[in-house]
Structures are given as C-alpha cells and as structure tokens.
file model11.csv (CSV, C-alpha atoms)
chain,number,residue,atom,x,y,z
H,1,GLN,CA,39.5,-64.9,-22.6
H,2,VAL,CA,35.8,-64.0,-23.1
H,3,GLN,CA,33.8,-66.4,-25.1
H,4,LEU,CA,30.4,-65.7,-26.8
H,5,VAL,CA,28.1,-68.3,-28.1
H,6,GLU,CA,25.1,-67.4,-30.2
H,7,SER,CA,22.1,-69.7,-30.8
H,8,GLY,CA,18.6,-69.6,-32.1
H,9,GLY,CA,19.1,-68.9,-35.8
H,10,GLY,CA,17.2,-70.8,-38.5
H,11,LEU,CA,14.8,-70.6,-41.4
H,12,VAL,CA,11.6,-68.7,-41.1
H,13,GLN,CA,9.0,-67.3,-43.5
H,14,THR,CA,8.4,-63.7,-44.1
H,15,GLY,CA,6.5,-62.2,-41.2
H,16,GLY,CA,7.7,-64.8,-38.8
H,17,SER,CA,9.7,-64.5,-35.6
H,18,LEU,CA,13.0,-65.8,-34.2
H,19,ARG,CA,14.7,-65.3,-30.9
H,20,LEU,CA,18.5,-65.3,-30.8
H,21,SER,CA,20.5,-65.8,-27.6
H,22,CYS,CA,24.1,-64.9,-26.8
H,23,VAL,CA,25.7,-66.4,-23.7
H,24,VAL,CA,28.9,-64.7,-22.5
H,25,SER,CA,31.5,-66.4,-20.4
H,26,GLY,CA,33.0,-64.7,-17.4
H,27,ARG,CA,31.9,-63.2,-14.1
H,28,THR,CA,31.8,-59.5,-15.2
H,29,PHE,CA,28.9,-59.6,-17.6
H,30,SER,CA,27.2,-56.7,-16.0
H,31,ARG,CA,30.1,-54.5,-17.0
H,32,TYR,CA,29.7,-55.3,-20.7
H,33,ALA,CA,27.8,-53.4,-23.3
H,34,VAL,CA,26.5,-55.8,-25.9
H,35,GLY,CA,25.7,-55.4,-29.5
H,36,TRP,CA,24.2,-57.4,-32.3
H,37,PHE,CA,25.5,-57.1,-35.8
H,38,ARG,CA,24.7,-58.9,-39.0
H,39,GLN,CA,26.4,-59.7,-42.3
H,40,ALA,CA,24.5,-60.6,-45.5
H,41,PRO,CA,26.4,-62.3,-48.4
H,42,GLY,CA,28.5,-59.9,-50.3
H,43,LYS,CA,27.9,-57.1,-47.8
H,44,GLU,CA,29.7,-55.4,-45.0
H,45,ARG,CA,28.9,-56.4,-41.4
H,46,GLU,CA,26.3,-53.9,-40.1
H,47,TRP,CA,25.2,-52.8,-36.7
H,48,VAL,CA,21.7,-53.9,-35.7
H,49,THR,CA,21.1,-53.0,-32.0
H,50,SER,CA,22.9,-52.5,-28.7
H,51,ILE,CA,22.2,-52.6,-25.0
H,52,SER,CA,24.2,-50.9,-22.3
H,53,GLY,CA,25.2,-52.2,-18.9
H,54,SER,CA,22.3,-50.4,-17.4
H,55,GLY,CA,19.8,-51.7,-19.9
H,56,ARG,CA,19.5,-48.8,-22.2
H,57,THR,CA,18.9,-49.9,-25.8
H,58,TYR,CA,19.4,-48.4,-29.2
H,59,SER,CA,18.5,-49.9,-32.6
H,60,ALA,CA,19.1,-49.3,-36.2
H,61,THR,CA,16.2,-47.7,-38.1
H,62,SER,CA,15.8,-50.7,-40.3
H,63,VAL,CA,14.8,-52.9,-37.3
H,64,LYS,CA,13.3,-50.4,-34.9
H,65,GLY,CA,9.8,-51.6,-33.8
H,66,ARG,CA,10.5,-55.2,-35.0
H,67,PHE,CA,13.6,-56.3,-33.1
H,68,THR,CA,14.0,-56.1,-29.3
H,69,ILE,CA,17.3,-56.6,-27.4
H,70,SER,CA,17.3,-57.5,-23.7
H,71,ARG,CA,19.7,-58.9,-21.2
H,72,ASP,CA,19.6,-61.1,-18.2
H,73,ASN,CA,22.7,-60.4,-16.1
H,74,ALA,CA,22.0,-63.4,-13.8
H,75,LYS,CA,22.4,-65.7,-16.8
H,76,ASN,CA,25.1,-63.9,-18.7
H,77,THR,CA,22.7,-63.8,-21.6
H,78,VAL,CA,21.6,-61.3,-24.2
H,79,SER,CA,18.6,-62.0,-26.3
H,80,LEU,CA,17.4,-60.6,-29.6
H,81,GLN,CA,13.7,-61.0,-30.3
H,82,MET,CA,13.0,-60.6,-34.0
H,83,ASN,CA,9.4,-60.2,-35.2
H,84,SER,CA,7.9,-59.4,-38.6
H,85,LEU,CA,11.0,-60.7,-40.3
H,86,LYS,CA,11.7,-59.7,-43.9
H,87,PRO,CA,13.9,-61.4,-46.6
H,88,GLU,CA,16.3,-58.5,-46.2
H,89,ASP,CA,16.9,-59.6,-42.6
H,90,THR,CA,18.6,-62.7,-43.9
H,91,ALA,CA,22.2,-62.7,-42.7
H,92,VAL,CA,24.6,-64.2,-40.2
H,93,TYR,CA,24.0,-62.6,-36.9
H,94,TYR,CA,26.8,-61.9,-34.4
H,95,CYS,CA,26.8,-60.7,-30.9
H,96,ALA,CA,29.8,-58.7,-29.5
H,97,VAL,CA,30.8,-57.2,-26.2
H,98,VAL,CA,32.8,-54.2,-25.0
H,99,SER,CA,33.9,-53.4,-21.5
H,100,ALA,CA,32.1,-50.4,-20.0
H,101,PRO,CA,31.8,-48.7,-16.6
H,102,LEU,CA,29.5,-50.4,-14.2
H,103,PHE,CA,25.9,-49.3,-14.7
H,104,SER,CA,26.9,-47.3,-17.7
H,105,SER,CA,24.2,-46.1,-20.1
H,106,LEU,CA,26.6,-45.9,-23.0
H,107,VAL,CA,25.7,-47.9,-26.1
H,108,TYR,CA,28.2,-48.6,-28.9
H,109,VAL,CA,27.4,-48.9,-32.6
H,110,ARG,CA,30.8,-49.2,-34.4
H,111,ARG,CA,32.4,-52.6,-35.0
H,112,SER,CA,35.8,-51.3,-34.0
H,113,GLU,CA,34.5,-50.5,-30.5
H,114,TYR,CA,33.8,-54.1,-29.6
H,115,ASP,CA,36.4,-56.3,-28.0
H,116,TYR,CA,35.0,-59.9,-28.4
H,117,TRP,CA,32.8,-61.6,-30.9
H,118,GLY,CA,30.8,-64.7,-31.2
H,119,GLN,CA,30.9,-67.1,-34.1
H,120,GLY,CA,27.6,-66.1,-35.6
H,121,THR,CA,24.3,-67.8,-36.2
H,122,GLN,CA,22.5,-67.9,-39.6
H,123,VAL,CA,19.1,-66.4,-40.0
H,124,THR,CA,17.3,-67.0,-43.3
H,125,VAL,CA,13.9,-65.4,-44.1
H,126,SER,CA,12.1,-66.9,-47.1
H,127,SER,CA,9.8,-64.9,-49.2
call {"tool": "encode", "arguments": {"input": "model11.csv", "output": "structure tokens"}}
result
Amino acid sequence: QVQLVESGGGLVQTGGSLRLSCVVSGRTFSRYAVGWFRQAPGKEREWVTSISGSGRTYSATSVKGRFTISRDNAKNTVSLQMNSLKPEDTAVYYCAVVSAPLFSSLVYVRRSEYDYWGQGTQVTVSS
C-alpha cells in the first residue's frame, strides 16, 4: 500500500508564499508521476500541476508562473512552491501518484488517472 503525506499548508496573506511537501512511501518513487490537486469549499477537486518520472512539468493556466512543482527522488518527496498567492488559491491541496514507465515524460491531469492520494493540507490566503 502506498501512502502519501502532505505538509506545509497554512494561513498566508495575499502575495505571500508557501511550500507544500508530499512524502511518498515505497521504494519505487521514481516510477511515479505525481500531481497536485486542490478543492475549494463547494467546488470540484481540480488539477493544479503535475510532474513526470523524468521531471517534465505541466501546470494549469491559473497557476502558471506562480507555482512550481519539483521532485527529489532520493527523498521520495515532491514539493509545490507557491508564490504570489491569491485568495482564490484557498483550498485543500492534495498530492496523488500514478505508476508510470521508468523515466517516462508522461504527465497526467485527470483525477481518474491517479492511483493513490494523500489526506490533504489546507491552504488559506487572506485578502
């Protein structure tokens, strides 16, 4: 069973920054593509950004230029650096993983494509 644990959420003012981390259990982390999703109150969970096993990244238009996803395979960790935060970024943020071929450049954007999810971490941006 793969377990994902997110951390780093909190309360920040508009324009501020936060860094989220997601630690993934298991010894095959390099074979996972990883995605971040978020869910605001009363809204559907939406895709934010993804990183492939080879390190290729892809982000939603709403966060492009402000959020950066990265991975450290030696530490089984994916990070999400969030800058220039806006009130509309307020949500519970989830990381998720999907098995992929080794060194694959494939990124995944659909919730249904992901196999395992973390419990989420709350990000609140005050205006």
call {"tool": "closest_atom_pairs", "arguments": {"input": "model11.csv", "of": "stretch 21-94 of chain H", "to": "stretch 115-121 of chain H", "cutoff": "7 Å", "atoms": "all atoms listed in the file", "output": "tab-separated table"}}
result
residue	atom	partner	partner_atom	distance
H:Val92	CA	H:Thr121	CA	5.4
H:Tyr93	CA	H:Gly120	CA	5.2
H:Tyr94	CA	H:Gly120	CA	4.4
call {"tool": "write_last_selection", "arguments": {"input": "model11.csv", "atoms": "C-alpha atoms", "output": "PDB file, in the coordinates of the input"}}
result
ATOM      1  CA  VAL H  92      24.600 -64.200 -40.200  1.00  0.00           C
ATOM      2  CA  TYR H  93      24.000 -62.600 -36.900  1.00  0.00           C
ATOM      3  CA  TYR H  94      26.800 -61.900 -34.400  1.00  0.00           C
TER       4      TYR H  94
END
call {"tool": "closest_residue", "arguments": {"input": "model11.csv", "among": "H:Gln122, H:Thr61, H:Val97, H:Ser105", "to": "H:Gln3", "atoms": "only C-alpha atoms"}}
result
H:Val97
call {"tool": "residues_around", "arguments": {"input": "model11.csv", "residues": "stretch 28-41 of chain H", "least_positions_apart": "4", "cutoff": "7 Å", "atoms": "all atoms listed in the file", "output": "ChimeraX atom specification"}}
result
/H:45-53,73,76,90-102,107
call {"tool": "residues_around", "arguments": {"input": "model11.csv", "residues": "H:Thr14", "least_positions_apart": "2", "cutoff": "6 Å", "atoms": "all atoms listed in the file", "output": "PyMOL selection string"}}
result
chain H and resi 16+85-86+125-127
call {"tool": "write_last_selection", "arguments": {"input": "model11.csv", "atoms": "C-alpha atoms", "output": "mmCIF file, in the frame of the given file"}}
result
data_model
loop_
_atom_site.group_PDB
_atom_site.id
_atom_site.type_symbol
_atom_site.label_atom_id
_atom_site.label_comp_id
_atom_site.auth_asym_id
_atom_site.auth_seq_id
_atom_site.Cartn_x
_atom_site.Cartn_y
_atom_site.Cartn_z
ATOM 1 C CA GLY H 16 7.700 -64.800 -38.800
ATOM 2 C CA LEU H 85 11.000 -60.700 -40.300
ATOM 3 C CA LYS H 86 11.700 -59.700 -43.900
ATOM 4 C CA VAL H 125 13.900 -65.400 -44.100
ATOM 5 C CA SER H 126 12.100 -66.900 -47.100
ATOM 6 C CA SER H 127 9.800 -64.900 -49.200
#
call {"tool": "atom_distance", "arguments": {"input": "model11.csv", "atom1": "atom CA of H:Ser70", "atom2": "atom CA of H:Gly55"}}
result
7.4 Å
call {"tool": "closest_residue", "arguments": {"input": "model11.csv", "among": "H:Gln1, H:Ser25, H:Ser54, H:Ser7", "to": "H:Leu80", "atoms": "all atoms listed in the file"}}
result
H:Ser7
call {"tool": "closest_residue", "arguments": {"input": "model11.csv", "among": "H:Val78, H:Ile69, H:Pro87, H:Ser104", "to": "H:Cys22", "atoms": "all atoms listed in the file"}}
result
H:Val78
call {"tool": "closest_residue", "arguments": {"input": "model11.csv", "among": "H:Leu4, H:Lys43, H:Ala60, H:Asp72", "to": "H:Val109", "atoms": "all atoms listed in the file"}}
result
H:Ala60
call {"tool": "atom_distance", "arguments": {"input": "model11.csv", "atom1": "atom CA of H:Arg66", "atom2": "atom CA of H:Gly9"}}
result
16.2 Å
call {"tool": "closest_residue", "arguments": {"input": "model11.csv", "among": "H:Glu44, H:Phe103, H:Glu113, H:Ser84", "to": "H:Gln13", "atoms": "all atoms listed in the file"}}
result
H:Ser84
call {"tool": "closest_residue", "arguments": {"input": "model11.csv", "among": "H:Arg111, H:Arg71, H:Met82, H:Gly10", "to": "H:Thr124", "atoms": "all atoms listed in the file"}}
result
H:Gly10
call {"tool": "decode", "arguments": {"input": "model11.csv", "residues": "stretch 67-117 of chain H", "atoms": "N, CA and C atoms", "output": "PDB file, in the first residue's frame"}}
result
ATOM      1  N   PHE H  67       3.280  28.942  -9.406  1.00  0.00           N
ATOM      2  CA  PHE H  67       3.524  27.689  -8.700  1.00  0.00           C
ATOM      3  C   PHE H  67       4.581  26.876  -9.448  1.00  0.00           C
ATOM      4  N   THR H  68       5.442  26.206  -8.680  1.00  0.00           N
ATOM      5  CA  THR H  68       6.478  25.363  -9.259  1.00  0.00           C
ATOM      6  C   THR H  68       6.491  24.017  -8.559  1.00  0.00           C
ATOM      7  N   ILE H  69       6.371  22.974  -9.340  1.00  0.00           N
ATOM      8  CA  ILE H  69       6.444  21.619  -8.793  1.00  0.00           C
ATOM      9  C   ILE H  69       7.842  21.055  -9.041  1.00  0.00           C
ATOM     10  N   SER H  70       8.342  20.301  -8.070  1.00  0.00           N
ATOM     11  CA  SER H  70       9.655  19.681  -8.225  1.00  0.00           C
ATOM     12  C   SER H  70       9.649  18.369  -7.458  1.00  0.00           C
ATOM     13  N   ARG H  71      10.628  17.540  -7.737  1.00  0.00           N
ATOM     14  CA  ARG H  71      10.709  16.253  -7.056  1.00  0.00           C
ATOM     15  C   ARG H  71      12.144  15.938  -6.678  1.00  0.00           C
ATOM     16  N   ASP H  72      12.286  15.199  -5.580  1.00  0.00           N
ATOM     17  CA  ASP H  72      13.577  14.708  -5.120  1.00  0.00           C
ATOM     18  C   ASP H  72      13.419  13.208  -4.949  1.00  0.00           C
ATOM     19  N   ASN H  73      13.874  12.459  -5.936  1.00  0.00           N
ATOM     20  CA  ASN H  73      13.669  11.010  -5.894  1.00  0.00           C
ATOM     21  C   ASN H  73      14.439  10.348  -4.754  1.00  0.00           C
ATOM     22  N   ALA H  74      15.536  10.938  -4.334  1.00  0.00           N
ATOM     23  CA  ALA H  74      16.311  10.359  -3.235  1.00  0.00           C
ATOM     24  C   ALA H  74      15.547  10.448  -1.917  1.00  0.00           C
ATOM     25  N   LYS H  75      14.644  11.416  -1.820  1.00  0.00           N
ATOM     26  CA  LYS H  75      13.881  11.614  -0.586  1.00  0.00           C
ATOM     27  C   LYS H  75      12.411  11.240  -0.739  1.00  0.00           C
ATOM     28  N   ASN H  76      12.054  10.670  -1.873  1.00  0.00           N
ATOM     29  CA  ASN H  76      10.645  10.298  -2.118  1.00  0.00           C
ATOM     30  C   ASN H  76       9.706  11.468  -1.877  1.00  0.00           C
ATOM     31  N   THR H  77      10.112  12.624  -2.312  1.00  0.00           N
ATOM     32  CA  THR H  77       9.363  13.844  -1.992  1.00  0.00           C
ATOM     33  C   THR H  77       9.078  14.671  -3.237  1.00  0.00           C
ATOM     34  N   VAL H  78       7.868  15.201  -3.275  1.00  0.00           N
ATOM     35  CA  VAL H  78       7.505  16.193  -4.275  1.00  0.00           C
ATOM     36  C   VAL H  78       7.129  17.471  -3.543  1.00  0.00           C
ATOM     37  N   SER H  79       7.591  18.586  -4.064  1.00  0.00           N
ATOM     38  CA  SER H  79       7.309  19.876  -3.446  1.00  0.00           C
ATOM     39  C   SER H  79       6.498  20.752  -4.389  1.00  0.00           C
ATOM     40  N   LEU H  80       5.732  21.627  -3.793  1.00  0.00           N
ATOM     41  CA  LEU H  80       4.985  22.616  -4.554  1.00  0.00           C
ATOM     42  C   LEU H  80       5.272  23.985  -3.958  1.00  0.00           C
ATOM     43  N   GLN H  81       6.067  24.763  -4.671  1.00  0.00           N
ATOM     44  CA  GLN H  81       6.375  26.130  -4.249  1.00  0.00           C
ATOM     45  C   GLN H  81       5.304  27.047  -4.802  1.00  0.00           C
ATOM     46  N   MET H  82       4.609  27.738  -3.919  1.00  0.00           N
ATOM     47  CA  MET H  82       3.505  28.612  -4.325  1.00  0.00           C
ATOM     48  C   MET H  82       3.854  30.049  -3.976  1.00  0.00           C
ATOM     49  N   ASN H  83       3.976  30.883  -4.983  1.00  0.00           N
ATOM     50  CA  ASN H  83       4.295  32.296  -4.806  1.00  0.00           C
ATOM     51  C   ASN H  83       3.133  33.162  -5.291  1.00  0.00           C
ATOM     52  N   SER H  84       3.174  34.411  -4.896  1.00  0.00           N
ATOM     53  CA  SER H  84       2.142  35.378  -5.322  1.00  0.00           C
ATOM     54  C   SER H  84       0.740  34.814  -5.099  1.00  0.00           C
ATOM     55  N   LEU H  85       0.521  34.308  -3.932  1.00  0.00           N
ATOM     56  CA  LEU H  85      -0.754  33.647  -3.637  1.00  0.00           C
ATOM     57  C   LEU H  85      -1.914  34.636  -3.652  1.00  0.00           C
ATOM     58  N   LYS H  86      -3.059  34.126  -4.083  1.00  0.00           N
ATOM     59  CA  LYS H  86      -4.285  34.918  -4.188  1.00  0.00           C
ATOM     60  C   LYS H  86      -5.386  34.260  -3.341  1.00  0.00           C
ATOM     61  N   PRO H  87      -6.372  35.029  -2.952  1.00  0.00           N
ATOM     62  CA  PRO H  87      -7.481  34.425  -2.178  1.00  0.00           C
ATOM     63  C   PRO H  87      -8.120  33.242  -2.900  1.00  0.00           C
ATOM     64  N   GLU H  88      -8.169  33.288  -4.213  1.00  0.00           N
ATOM     65  CA  GLU H  88      -8.777  32.181  -4.968  1.00  0.00           C
ATOM     66  C   GLU H  88      -7.938  30.913  -4.961  1.00  0.00           C
ATOM     67  N   ASP H  89      -6.732  30.978  -4.402  1.00  0.00           N
ATOM     68  CA  ASP H  89      -5.917  29.772  -4.233  1.00  0.00           C
ATOM     69  C   ASP H  89      -6.295  29.016  -2.956  1.00  0.00           C
ATOM     70  N   THR H  90      -7.163  29.595  -2.144  1.00  0.00           N
ATOM     71  CA  THR H  90      -7.586  28.951  -0.912  1.00  0.00           C
ATOM     72  C   THR H  90      -8.300  27.632  -1.217  1.00  0.00           C
ATOM     73  N   ALA H  91      -7.801  26.554  -0.614  1.00  0.00           N
ATOM     74  CA  ALA H  91      -8.354  25.219  -0.880  1.00  0.00           C
ATOM     75  C   ALA H  91      -7.606  24.203  -0.031  1.00  0.00           C
ATOM     76  N   VAL H  92      -8.102  22.994  -0.025  1.00  0.00           N
ATOM     77  CA  VAL H  92      -7.337  21.861   0.480  1.00  0.00           C
ATOM     78  C   VAL H  92      -6.544  21.310  -0.700  1.00  0.00           C
ATOM     79  N   TYR H  93      -5.253  21.169  -0.501  1.00  0.00           N
ATOM     80  CA  TYR H  93      -4.367  20.704  -1.553  1.00  0.00           C
ATOM     81  C   TYR H  93      -4.015  19.236  -1.319  1.00  0.00           C
ATOM     82  N   TYR H  94      -4.128  18.462  -2.391  1.00  0.00           N
ATOM     83  CA  TYR H  94      -3.867  17.026  -2.336  1.00  0.00           C
ATOM     84  C   TYR H  94      -2.769  16.654  -3.326  1.00  0.00           C
ATOM     85  N   CYS H  95      -1.890  15.754  -2.912  1.00  0.00           N
ATOM     86  CA  CYS H  95      -0.971  15.169  -3.881  1.00  0.00           C
ATOM     87  C   CYS H  95      -1.461  13.757  -4.205  1.00  0.00           C
ATOM     88  N   ALA H  96      -1.101  13.299  -5.376  1.00  0.00           N
ATOM     89  CA  ALA H  96      -1.531  11.998  -5.846  1.00  0.00           C
ATOM     90  C   ALA H  96      -0.458  11.413  -6.753  1.00  0.00           C
ATOM     91  N   VAL H  97      -0.415  10.088  -6.834  1.00  0.00           N
ATOM     92  CA  VAL H  97       0.591   9.426  -7.667  1.00  0.00           C
ATOM     93  C   VAL H  97      -0.064   8.389  -8.571  1.00  0.00           C
ATOM     94  N   VAL H  98       0.599   8.166  -9.694  1.00  0.00           N
ATOM     95  CA  VAL H  98       0.178   7.133 -10.637  1.00  0.00           C
ATOM     96  C   VAL H  98       1.438   6.448 -11.143  1.00  0.00           C
ATOM     97  N   SER H  99       1.386   5.124 -11.251  1.00  0.00           N
ATOM     98  CA  SER H  99       2.530   4.374 -11.765  1.00  0.00           C
ATOM     99  C   SER H  99       2.756   4.702 -13.231  1.00  0.00           C
ATOM    100  N   ALA H 100       4.014   4.843 -13.605  1.00  0.00           N
ATOM    101  CA  ALA H 100       4.354   5.175 -14.988  1.00  0.00           C
ATOM    102  C   ALA H 100       5.636   4.450 -15.361  1.00  0.00           C
ATOM    103  N   PRO H 101       5.913   4.287 -16.644  1.00  0.00           N
ATOM    104  CA  PRO H 101       7.176   3.652 -17.049  1.00  0.00           C
ATOM    105  C   PRO H 101       8.366   4.438 -16.530  1.00  0.00           C
ATOM    106  N   LEU H 102       9.443   3.734 -16.224  1.00  0.00           N
ATOM    107  CA  LEU H 102      10.652   4.380 -15.717  1.00  0.00           C
ATOM    108  C   LEU H 102      11.123   5.438 -16.702  1.00  0.00           C
ATOM    109  N   PHE H 103      11.453   6.616 -16.174  1.00  0.00           N
ATOM    110  CA  PHE H 103      11.951   7.754 -16.959  1.00  0.00           C
ATOM    111  C   PHE H 103      10.923   8.298 -17.947  1.00  0.00           C
ATOM    112  N   SER H 104       9.662   7.964 -17.706  1.00  0.00           N
ATOM    113  CA  SER H 104       8.612   8.445 -18.596  1.00  0.00           C
ATOM    114  C   SER H 104       8.463   9.959 -18.493  1.00  0.00           C
ATOM    115  N   SER H 105       8.124  10.587 -19.593  1.00  0.00           N
ATOM    116  CA  SER H 105       7.857  12.021 -19.613  1.00  0.00           C
ATOM    117  C   SER H 105       6.364  12.318 -19.582  1.00  0.00           C
ATOM    118  N   LEU H 106       5.573  11.293 -19.394  1.00  0.00           N
ATOM    119  CA  LEU H 106       4.127  11.482 -19.375  1.00  0.00           C
ATOM    120  C   LEU H 106       3.693  12.212 -18.112  1.00  0.00           C
ATOM    121  N   VAL H 107       2.796  13.170 -18.282  1.00  0.00           N
ATOM    122  CA  VAL H 107       2.167  13.828 -17.143  1.00  0.00           C
ATOM    123  C   VAL H 107       0.667  13.561 -17.225  1.00  0.00           C
ATOM    124  N   TYR H 108       0.013  13.588 -16.097  1.00  0.00           N
ATOM    125  CA  TYR H 108      -1.397  13.209 -16.012  1.00  0.00           C
ATOM    126  C   TYR H 108      -2.173  14.343 -15.343  1.00  0.00           C
ATOM    127  N   VAL H 109      -3.346  14.645 -15.902  1.00  0.00           N
ATOM    128  CA  VAL H 109      -4.114  15.779 -15.400  1.00  0.00           C
ATOM    129  C   VAL H 109      -5.506  15.395 -14.907  1.00  0.00           C
ATOM    130  N   ARG H 110      -5.940  14.174 -15.136  1.00  0.00           N
ATOM    131  CA  ARG H 110      -7.287  13.767 -14.725  1.00  0.00           C
ATOM    132  C   ARG H 110      -7.269  13.069 -13.373  1.00  0.00           C
ATOM    133  N   ARG H 111      -8.204  13.367 -12.529  1.00  0.00           N
ATOM    134  CA  ARG H 111      -8.280  12.716 -11.225  1.00  0.00           C
ATOM    135  C   ARG H 111      -8.342  11.202 -11.360  1.00  0.00           C
ATOM    136  N   SER H 112      -9.087  10.736 -12.341  1.00  0.00           N
ATOM    137  CA  SER H 112      -9.316   9.297 -12.505  1.00  0.00           C
ATOM    138  C   SER H 112      -8.051   8.541 -12.879  1.00  0.00           C
ATOM    139  N   GLU H 113      -7.037   9.251 -13.321  1.00  0.00           N
ATOM    140  CA  GLU H 113      -5.793   8.593 -13.732  1.00  0.00           C
ATOM    141  C   GLU H 113      -4.890   8.237 -12.550  1.00  0.00           C
ATOM    142  N   TYR H 114      -5.164   8.824 -11.400  1.00  0.00           N
ATOM    143  CA  TYR H 114      -4.284   8.659 -10.246  1.00  0.00           C
ATOM    144  C   TYR H 114      -4.726   7.511  -9.352  1.00  0.00           C
ATOM    145  N   ASP H 115      -3.721   6.803  -8.827  1.00  0.00           N
ATOM    146  CA  ASP H 115      -3.985   5.595  -8.057  1.00  0.00           C
ATOM    147  C   ASP H 115      -4.076   5.836  -6.550  1.00  0.00           C
ATOM    148  N   TYR H 116      -3.236   6.714  -6.037  1.00  0.00           N
ATOM    149  CA  TYR H 116      -3.169   6.927  -4.596  1.00  0.00           C
ATOM    150  C   TYR H 116      -3.183   8.420  -4.292  1.00  0.00           C
ATOM    151  N   TRP H 117      -3.805   8.748  -3.150  1.00  0.00           N
ATOM    152  CA  TRP H 117      -3.981  10.137  -2.748  1.00  0.00           C
ATOM    153  C   TRP H 117      -3.556  10.348  -1.302  1.00  0.00           C
TER     154      TRP H 117
END
